[in-house]
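**Q** Just passing along the structure, written as structure tokens.
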Amino acid sequence: MSVSIKSSSEIKRMREAGRLLEQVHNELAKMIRPGISTWEIDRVGEELIRSRGCVPNFLDYNGFPASFCISVNDEVVHGIPSKDRILQEGDIISLDAGLIYRDYHSDAARTYGVGEISEDARKLIDVTRESFFEGLRYAKAGKHLFEISGAIGSYAERFGYGVVRDLVGHGIGTKLHEEPQIPNFKQKRRGMRLYPGMTLAIEPMINEGRADVVWLDDDWTVVTEDGSRSAHYENTILITDGEPEILTLTESLQ
Ligand code: MG
């Protein structure tokens with residue numbers, strides 16, 4: 001397994017890739033409301049990416065037909081935007097996207113409530129986001145990769161949630177998916193040692209019910225097997241000599 005250590009000039013580009021993606025997410029967040037289709041969100045999102053001189057990296061990735069993965073309620077990840085998928089009051093929706101800025105990738109996901117949502121739905125979104133930050137505490141030079149995994153999983157499981165095991169976070173750089181894979185639950189090994197200059201996309205996917213997921217016939221959309229809601233939260237981060245830098249979360253702390 002080879003994990004790339006980014007040089008300072010590469011890190012500059014990755015910072016910019018991250019900053020621009022954060023802007024796109026923040027703009028799109030304002031669009032989330034009952035009555036809008038996931039197709040419209042994808043159209044606007046792609047335009048926001050291209051207007052910044054960047055390229056959406058999900059589009060055509062292994063044939064994926066859109067720029068954003070948009071997953072509603074029991075959809076965990078990789079939902080395909082559709083004109084027929086109209087958001088309803090009380091839904092939860094996750095937007096996952098990335099872009100390429102001067103050959104360097106960023107990747108981030110957010111989950112939002114549509115209009116008024118239930119307390120249970122809000123808690124799932126909040127705990128999923130918080131589990132990312134629990135993992136981030138171990139994203140430091142000298143720590144080991146799976147310390148991040150264990151911290152994410154044990155935090156979410158404390159709330160009785162199912163931590164998705166079939167999908168993982170990943171390294172990121174000149175490719176969207178680089179080594180290493182980053183599970184979101186406790187591993188038997190410590191995993192690789194972390195070094196400054198590693199860039200990682202850490203992305204807990206947490207189910208309100210059991211952890212099991214299934215793939216729909218479109219071969220993309222992942223849903224919870226028990227039909228429970230699922231939330232997703234992701235940032236691209238940089239390992240440094242000190243605290244990790246969250247490349248896709250600089251302007252806002254949401
Ligand atoms: Mg990712």
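FYI, nothing fancy with the structure tokens labels: chains A, B, ... in order, residues from 1 per chain, ligands from 1 as they appear.
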Hey, what's within 8 Å of range 110-123 of chain A if we count only C-alpha atoms and toss same-chain stuff fewer than 4 positions away? As a list of chain:residue names, please?
**A**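 Once the nearby chain positions are removed, what remains is A:His25, A:Ala29, A:Ile32, A:Arg33, A:Pro34, A:Leu87, A:Gln88, A:Glu89, A:Gly90, A:Asp91, A:Ile92, A:Ile93, A:Ser94, A:Leu95, A:Asp96, A:Val127, A:Arg229, A:Ala231, A:His232, A:Tyr233, A:Glu234.
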**Q** Residues of chain A within 6 Å of ligand 1: nearest atom pair and distance (Å, one decimal) for each, counting only C-alpha atoms and all ligand atoms, sorted by chain and number, as a tab-separated table?
**A**
```
residue	atom	partner	partner_atom_place_in_ligand_line	distance
A:Asp107	CA	ligand 1	1 (Mg)	5.4
A:Gly169	CA	ligand 1	1 (Mg)	5.7
A:Ala201	CA	ligand 1	1 (Mg)	5.5
```
**Q** Once DSSP has gone over the backbone, tell me which residues of range 90-235 of chain A are in strand (DSSP E), as a VMD selection string.
**A** chain A and resid 92 to 101 104 to 113 162 to 163 169 to 171 178 to 182 199 to 202 205 to 207 213 to 215 222 to 224 230 to 232 235
**Q** Can you check which residues of range 33-140 of chain A DSSP gives as helix (DSSP H, G or I) on the backbone and send them as JSON, numbers by chain?
**A** {"A": [38, 39, 40, 41, 42, 43, 44, 45, 46, 47, 48, 49, 50, 61, 62, 63, 119, 120, 121, 122, 123, 124, 125, 126, 127, 128, 129, 130, 131, 132, 133, 134, 135, 136]}
**Q** Pick from A:Glu245, A:Glu47, A:Glu203, A:Glu16: nearest to Ile100 in chain A, with only C-alpha atoms counted?
**A** A:Glu16
